[in-house]
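*Asks:* Sharing a structure here in structure tokens format.
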Amino acid sequence: MSSDAQVLTVDGPHGERAVRLSSPARVLWPEPGITKLDLARYIIAVGEAFVLANGDRPVSLQRFSGGIDGEQFFSKNPPKGAPDYVRAVPVVYPSGRTHPQLVIDEPAAAVWAVQMNTIVFHPWPSRAELADNPDELRIDLDPQPGTDFADTIPVAFELRNLLAEAGLTAFVKTSGNRGLHVFAPITATREFLDVRHAVIAAARELERRMPAEVTTNWWKEERGERIFIDYNQANRDRTMAGAYSPRPLPHAPVSCPLEWSELAGADPRAFTILTVPARLREQGDAWAALHEQPGSIDTLYSWWERDLADGLGELPFPPDFPKMPGEPPRVQPSRARRHD
């Protein structure tokens with residue numbers, strides 16, 4: 001064992017585990033001086049809420065060879081030497097290929113991921129044992145140039161109302177950057193494409209209600225100064241930073257669950273690795289009840305079918321996806337015009 005390594009004791013559902021942490025003094029966030037050890041202690045401090053939100057799901061690890069300014073890569077498969085309490089499940093990727101993907105079941109597994117230089121955790125919206133069927137409907141509110149976090153707030157409230165009309169209960173968190181993530185628990189009875197279509201239906205309805213503030217245009221040149229509803233985050237193997245996951249930005253922000261009552265006055269820069277543990281101790285977990293009353297996407301899916309009947313069809317998929325049935329051409333509008 002190298003002389004600078006530390007062994008951390010991590011409590012969990014199976015008792016205490018010892019997790020070795022090498023290079024604990026390595027600085028990951030230079031601006032606030034947050035080290036690898038600080039990150040591991042953060043994960044321990046928020047461990048129960050972190051696992052409740054992100055556990056029992058296939059997860060991708062965004063790993064950094066140095067600090068947040070260093071090289072980064074995504075890790076999906078269990079690396080050699082993973083402890084026996086870090087498991088994997090087979091998942092099907094958009095290509096049709098099946099491969100094992102990591103699952104986090106307890107805080108010690110998340111601390112082990114920190115040892116592997118993970119900063120951002122990207123959980124799937126489906127459970128490990130039913131990976132093809134999401135149990136979370138997730139909507140990413142993405143501010144475009146000329147807009148900011150404050151512009152997402154009224155959009156999030158209207159989206160909450162819209163989802164309630166569809167029989168769904170919405171929860172909100174900061175993205176850890178400039179946007180918001182709105183989640184709704186759903187019964188895991190539909191596969192990814194159906195859930196994607198439900199998200200598109202919700203996004204189109206929101207766009208009708210707030211045309212000056214919201215856009216579903218995939219191409220950036222057509223979005224304008226509006227909040228983009230990124231429906232492609234609802235696809236298989238597309239993920240968002242998990243609840244309580246750190247983000248690789250200079251001030252060490254966290255994607256933080258919020259109560260709806262505090263959203264209007266929220267400052268996303270206030271939720272960091274240094275502040276969120278105390279917030280969690282004092283206020284509790286705003287997402288503790290997330291999965292207590294899952295709803296159905298049936299109403300949203302009926303909106304999708306209504307829009308299909310009205311001539312609105314599929315929207316573009318990400319460029320790395322195979323060509324999908326009914327998908328429009330993946331050609332940037334300005335490029336298409338040049339070839340007319």
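Going by the structure tokens order, chains are called A, B, ..., each with residues numbered from 1, while ligands are numbered from 1 in the order shown.
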As an NGL selection string, please: the residues near range 271-284 of chain A (cut-off 8 Å, only C-alpha atoms, same-chain neighbours under 4 positions excluded).
*Replies:* :A and (39 or 42 or 45-46 or 176 or 246 or 251-256 or 267)
*Asks:* Would you list, as number ranges by chain, the residues of range 81-209 of chain A that end up in strand (DSSP E or B) under DSSP run on this structure's backbone?
*Replies:* A: 87-92, 98-103, 118-123, 126, 134, 136-143, 171-174, 180-186
*Asks:* When DSSP works through the backbone of this structure, what residues of range 155-219 of chain A end up as helix (DSSP H, G or I), shown as a list of chain:residue names?
*Replies:* A:Val155, A:Ala156, A:Phe157, A:Glu158, A:Leu159, A:Arg160, A:Asn161, A:Leu162, A:Leu163, A:Ala164, A:Glu165, A:Phe192, A:Leu193, A:Asp194, A:Val195, A:Arg196, A:His197, A:Ala198, A:Val199, A:Ile200, A:Ala201, A:Ala202, A:Ala203, A:Arg204, A:Glu205, A:Leu206, A:Glu207, A:Arg208, A:Arg209
*Asks:* Considering only C-alpha atoms, can you say which of A:Glu221, A:Asp298, A:Asp285, A:Glu262 comes closest to Ile186 in chain A?
*Replies:*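 For Ile186 in chain A, the nearest of the candidates is A:Asp298.
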*Asks:* Nearest to Ala188 in chain A among A:Val86, A:Leu263, A:Val114, A:Ala128, with distances taken over only C-alpha atoms: which residue is it?
*Replies:*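 So, comparing all the options, the nearest one is A:Ala128.
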*Asks:* Name all residues at most 10 Å from range 31-35 of chain A (count only C-alpha atoms; drop same-chain ones fewer than 2 positions away) and give them as a PyMOL selection string.
*Replies:* chain A and resi 23-29+37-41+67+249-252+273-274
*Asks:* Here is a test: counting only C-alpha atoms, which residue of A:Met210, A:Ala53, A:Leu21, A:Leu163 is nearest to Ala286 in chain A?
*Replies:*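 Result for the nearest residue to Ala286 in chain A: A:Ala53.
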*Asks:* Kindly assemble as JSON lines a list of the range 34-58 of chain A residues that lie within 10 Å of range 287-292 of chain A, each paired with its nearest atom pair and their distance in Å to one decimal, using only C-alpha atoms, sorted first by chain and then by ascending residue number.
*Replies:*
{"residue": "A:Glu48", "atom": "CA", "partner": "A:Ala288", "partner_atom": "CA", "distance": 10.0}
{"residue": "A:Ala49", "atom": "CA", "partner": "A:Ala288", "partner_atom": "CA", "distance": 7.3}
{"residue": "A:Leu52", "atom": "CA", "partner": "A:Ala288", "partner_atom": "CA", "distance": 7.6}
{"residue": "A:Ala53", "atom": "CA", "partner": "A:Trp287", "partner_atom": "CA", "distance": 7.6}
*Asks:* Within 6 Å of range 87-103 of chain A, counting only C-alpha atoms, which residues show up once you throw out same-chain ones fewer than 2 positions away? Write them as a ChimeraX atom specification, please.
*Replies:* /A:56-59,76-78
*Asks:* Now that the selection is made, can you save its residues with all heavy atoms as a compact mmCIF listing (two decimals), in the first residue's frame?
*Replies:*
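So the final result, stored in again-v1.txt, reads:
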# COMPACT_ATOMS: atom_id res chain seq x y z
N ASP A 56 -29.17 0.64 -7.53
CA ASP A 56 -29.96 -0.39 -8.19
C ASP A 56 -30.27 -0.02 -9.64
O ASP A 56 -31.33 -0.36 -10.17
CB ASP A 56 -31.25 -0.66 -7.41
CG ASP A 56 -31.98 -1.91 -7.89
OD1 ASP A 56 -31.30 -2.85 -8.35
OD2 ASP A 56 -33.23 -1.93 -7.85
N ARG A 57 -29.36 0.69 -10.27
CA ARG A 57 -29.52 1.11 -11.67
C ARG A 57 -28.19 0.91 -12.40
O ARG A 57 -27.13 1.11 -11.82
CB ARG A 57 -29.91 2.59 -11.76
CG ARG A 57 -31.19 2.92 -11.04
CD ARG A 57 -31.52 4.43 -11.11
NE ARG A 57 -32.76 4.67 -10.37
CZ ARG A 57 -33.97 4.47 -10.86
NH1 ARG A 57 -34.11 4.07 -12.11
NH2 ARG A 57 -35.05 4.67 -10.13
N PRO A 58 -28.24 0.56 -13.68
CA PRO A 58 -27.00 0.64 -14.46
C PRO A 58 -26.46 2.07 -14.38
O PRO A 58 -27.24 3.03 -14.45
CB PRO A 58 -27.45 0.29 -15.88
CG PRO A 58 -28.75 -0.43 -15.70
CD PRO A 58 -29.39 0.16 -14.49
N VAL A 59 -25.16 2.21 -14.22
CA VAL A 59 -24.59 3.54 -14.06
C VAL A 59 -23.31 3.66 -14.87
O VAL A 59 -22.52 2.71 -14.96
CB VAL A 59 -24.34 3.87 -12.56
CG1 VAL A 59 -23.30 2.92 -11.97
CG2 VAL A 59 -23.92 5.31 -12.36
N LYS A 76 -18.25 2.17 -18.17
CA LYS A 76 -19.53 1.51 -17.99
C LYS A 76 -19.38 0.10 -17.45
O LYS A 76 -20.24 -0.39 -16.72
CB LYS A 76 -20.29 1.48 -19.32
CG LYS A 76 -20.57 2.85 -19.90
CD LYS A 76 -21.34 2.77 -21.21
CE LYS A 76 -21.60 4.16 -21.78
NZ LYS A 76 -22.40 4.11 -23.03
N ASN A 77 -18.33 -0.58 -17.82
CA ASN A 77 -18.14 -1.97 -17.44
C ASN A 77 -17.32 -2.08 -16.17
O ASN A 77 -16.46 -1.23 -15.90
CB ASN A 77 -17.42 -2.72 -18.56
CG ASN A 77 -18.09 -2.52 -19.90
OD1 ASN A 77 -19.31 -2.48 -19.98
ND2 ASN A 77 -17.30 -2.37 -20.94
N PRO A 78 -17.54 -3.10 -15.37
CA PRO A 78 -16.75 -3.27 -14.14
C PRO A 78 -15.28 -3.49 -14.48
O PRO A 78 -14.95 -4.42 -15.22
CB PRO A 78 -17.36 -4.51 -13.49
CG PRO A 78 -18.67 -4.72 -14.17
CD PRO A 78 -18.54 -4.16 -15.54
*Asks:* Identify which of the residues A:Ala164, A:Leu8, A:Arg247, A:Ile297 lies closest to Glu136 in chain A, counting only C-alpha atoms when measuring atom-to-atom distances.
*Replies:*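 Looking at the shortest contact to Glu136 in chain A, the residue is A:Ile297.
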